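Take a look at the structure set out below.
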Amino acid sequence: MSISSEQTLIENTLGRKPTTSEAAMLEVMWSEHVSYKSSKRWFHLFNTESPDVYLGIGEGAGLIDIGNGYVIGLALESHNHPSAIDPFNGAATGVGGIIRDILSQGCRPIALLDAIRFGPLTHPRSRFLFEQVVQGIASYGNSVGVPTVGGEVEYDEAYLGNCLVNVMCVGIAPKDKIVRSIANRPGDLFVLFGASTGRDGIHGVTFASDDLAESMQEDRGSVQIGDPLIEKKLIDAVMELRDAGLINAMQDLGGGGLTCAVSEMCERGGTGCEIHLDRIAVREKDMEPWEILISESQERMLITCSPQNLKKVKEILDSHDLTLAVLGSVTPSKRFVAKYHDSVVADLPIDFLIEGFEEPERQLIPPNSKQNVTSRKNLFQEPDKLADEFQFLLSSSNIASKRWVYQQYDHTVQGNTVLEPGIGPAIIALENGAYLALSLDSLPFLTSLDPYSGAANSAMKGIRSVIATGAKPVALVDNLNFGNPEKPDSYWEFVEAIKGIAQVSHDFHIPVVGGNVSLYNEATINGKRSKILPTPVIGVAGIISSLESIVPQVLTAPDHLIAIVGPPSFSIDGSEYARLKDIRVKEDISYEPREEQKSISFLGVAQKQELLKSCKPVGRGGIITTLTKMMLQSNTGVKIDDSPVFSKIGFWVSEGSARYIVEFSRNDLNKIQELAKSKSVTIKILGKTINTPSLILSEDEQISLQTLMGWFETPIVQAMEV
Amino acid sequence: MSTIGVIRFPGTNNELETKRSLERLGAQAKIIPHFKPELVREVAALYLPGGFSYGDYLRPGAVAKTTEIGIEIVRAADEGKPILGVCNGFQVLTELGLLPGALVKNTSTRFIAKWISIWIERSNSYLEDLAGTTLSLPIAHYSGSYYQTKDALEQMKQKQQIVARYSLTSGDVTPHANPNGSLENIAGIANKVGNVIGLMPHPERAIEPFHRTQHGKQIIASFLEAIK
C-alpha cells in the first residue's frame, strides 16, 4: 500500500487529518518492523504448542515451563540496520534490547548468544564492522553481567552491504513471579523508569524497514546509544519490584518507543491510556511531543502499578538511583490519549494504531533456477592429498576457530556456565537443578540454494547439536533475515524458509515461541543491487535433567571406537567446501525428517544406556571439521580405518544431514550395532582414538594435532591482529 | 555464626554467584547494596565482587571510592576485618588506597575471558596456607594489568605482599603465562597487614561440580578461615 493511500485511510477513519504526533505514531506502528505486515500472515504455519509452553509468541519473550516451579524465557532479535551504520552502538543496544525483552516478563537474564555476519575479512570495511560489533557486544554484555555463552560468526560477500547482528537472550523466573505485558486494570498507573528520553533512535523502526541507501552516514542519528550501567540497575530494580509483587504489567521500550509499549499493553488488556508527555525526563532541549512518543532511547521500562503501591515503587526505584515518571493511567476507553501540558496531542483508537493498516499485497516468484548454477562435475576433482584440502577448509574463515571473538565475551559471569563457547552448544546450570543447552545457528548458503530445505536444516542443525548433548529440545525461536519483501524473489525465499522451519516444528513437536523478522536487508551500492543470503537464524533450547546425563562433545580417552551414525553422504552440495570452491549445485539438498528421527531415536537409547563416551553432530565443514574439534579440545588422536570410502574428499566434507560422530568403548560395539539395526540406522566405524596426538589417515598420510591446531586457530587472529 | 557482606555498587554484577559460593562453603553471606553503608559494620568480613561499578565509565573503581560505603570499607579494613576484592573489587580496593599499585588496561586493549593458572606465593596474608599451589581459575576483565613503581614493588616484595602470579599449569611463572601484561605476572596482592587481598581471577566461578575446576574453593576456604 502506498503512503498516499495509507494517508487516505487514516483521514477516512479519523474523520480528520492526523496531528503531527498521531502521524508519527502511525508511521512507526505500521512499519514493517513493528507491524510484521509482510510476515505475520505466515506465522500460523508454525507449531506453537506443547505441554511445556507457558506463553507463546506475542509478548517480550516466549516462556517454557521447565518444572520444579520455574520457567525459562526466550527471545531473539536482530539489530542489523543500526549495526551497519554504527556497529559498536548498534550491536551494544541490540544486546541491551533483548535483555529487556526477557526482563519484561519478570525473568532474570541468564545467557546471551549472538549470530553475526559480515563481508569477507579481506575487506577493510568488513574487518572494521566485525571488530566494532564484537566490541559492542562485549562492552554491553560484559558490563551488564549476562554471560555470552554461544553463537556463530559467518563471512560472505553477500553481507558486504548489510551485516547481520542477531542476539538471543534467555532468562529464568519462578512461575509465580512471571509478569505479563497486559494493562487490564483501568485506574492503574503507568510508571516509566530508567534512562531519560532523547532524540536517539527516532524513526529507528521505519529506517529498519527500508533499503539501506548509499547515504548511510546520514542515518547515524537513528542509532541508539547504550548505557549498560543503567541496564544493570534496571535488572536489580525490576527483580526487587517483581519479588515485592508491585508490578501489574510490564513492557520494555523497544522499537516504536513509548507508543508501541503503551499501545500493545493496552491492546492486550482491552484498555486505553491517558498519558502526560511533559512528565517525562528528557535529555535534549525542545523535544517535541511526537519525538517523545516515538523516541527509542535505550534502558527504559514501563510498568503499571496500583495507585496504592506507587509509594513503594518509588522507594525501590529511588534506592537504585533510577529516574521515574508517573505518566498517567490505564483507562477503559480503548483510546491512546497523549497530552502535553494539558493539551491533547494524540487521541487514537488503540486497535487502529496496532492493526488499522491494510495488509500489503506481496508477490511470490521463485528466482530462475537455471541462473548461477554451475555443474559440479566440471569443477570438482578428487584431490591428490586429503591434507591439502583439509587445510584449505579448516583455515577458511567460516570454519576456523572463533576464539578471538568469544574470548572477548565474559562467558563465565553468573557462575552457571557448564560448557563454554567453542566446543558445542552452550550449557548452563539452572536454578531448578536442571541444565539448559542452547544453540543459535543458520545455514544461509544452503538456504540460498534451496530456501525450504536450507531453513529446515538450519533448524535441524541446532536441534541436532542440542540433542547430542543429551538434551530434550523444548523450544525454538527464529530470526528471519531476508531481502526486500516487495521484490517477489526475496519474498518467495522468505515464505519458503518459514515453511521449512514450520515443518520442522511440527515434525519434531518443538514449538516456536518467539522470534523476529528483519526484511529489507538489501543495499544498492553504485547502482547495483546487493542482498544478503537468506538467513534464517534459529535458536534452540533443550533441557538436560542432570549433570551426569550431559554427553561430552569432545573425545574422552584412547582406544575407543569412533563411528558415524546416520545416512552415508558424499555429496558436497550446499556445504562450506562447495561454497569455497564456488560450486552452487542443489541436487542433493533435502530435508529428511525420517532419517533425522531415526538417528535421534538411536541416540536417545544409546544415551540412556550410557553407551556414548562423546557425541557431536556432523556440522558445518563436514566430518573433518567436527572430528578436528573433538580431537583438539581433548588432545586425543584418531586412527582412521583402512577403507577406500575414507579416501574420498566427499566423505570428509559433506554436510549431509542427520549424522553424528559417536565415541564408544570396544566392549559396547555389539550393543551399538544391534541398537543401530533395531532403529534401521546406518552406522559406519570410522576408526579409533589413540594416544598419539595425530590424525592418522593412512600409512602415508597423517596430520599432527599441532598442525590441525595451527590451521584451525590462527586465521581469524591473523586477519584481525596482524 | 558470623556473616560475610558482599558489596554491591550500582554496576557490580558478580554478587549473586559470590553469595552462592560463600554459602556453598558453609558461610552466611548477605548482599550489601551501596545505599546501605551502615550494614558494613554488622558483618565480620567483606567480599567485593566483580563487575563494572558505576559503569567503570571514568576508570574502574574511581567513582566507588567516593561513596559513603567506600568509607565504611576503609574502616572495616582498618579494624582488621578480612577483605577479599575480586576483579572490579580488586580495582576498587586499589582506588580506595587499601591496596598499593593500579590496574590498567590489558596490553591487548581487549577484554579477556578465559581460564588461566595462578601460582600462590608465600605471603603475609590469609592465603599463606595455599603457598606453593597452582590453581586454575577464570579471568574476565578489561583492566587487569597490574602496575606499580619499581621501588614500591621492591617494598611489597619485602613485606611479602605478592599473593599470586599468572603461571603455566605446571606452576612456572613465565611471560607466556601472562594474559594481560601484568607487572611480573602479578595476579593478586595483599596489604601490609595481610587482611586485605585483591585478586583478578574469579574464585567464585570455580566452585560447583559443573565448573571446569573447583579450585576457587581453596581460596574462599582460606578467606573464611581468616574470620575469627
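So you can find residues: chains in the C-alpha cells are A, B, ... in the order shown, residues in each start at 1, and ligands are numbered from 1 in order.
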Given a cut-off of 8 Å, which residues of chain A touch chain B, counting only C-alpha atoms, written out as a ChimeraX atom specification? /A:138,143-145,228-230,232-233,319-320,406-418,429,547
With a distance cut-off of 8 Å and only C-alpha atoms, select the neighbouring residues of Ser401 (chain A), excluding the residue or stretch itself and same-chain residues fewer than 6 positions from it, and output the selection as a VMD selection string. chain A and resid 422 712 to 716
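Using only C-alpha atoms, the smallest distance between any of B:Glu79, B:Glu68, B:Glu184, B:Asp172 and Leu135 (chain B) comes from B:Asp172.
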Hey, can you check how far CA of Gly433 (chain A) sits from CA of Pro511 (chain A)?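 It comes out at 23.1 Å.
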Just how far from CA of Arg8 (chain B) is CA of Val40 (chain B), in Å to one decimal? 11.4 Å
What are the DSSP strand (DSSP E or B) residues of region 38-221 of chain B, as a count of residues only? 47
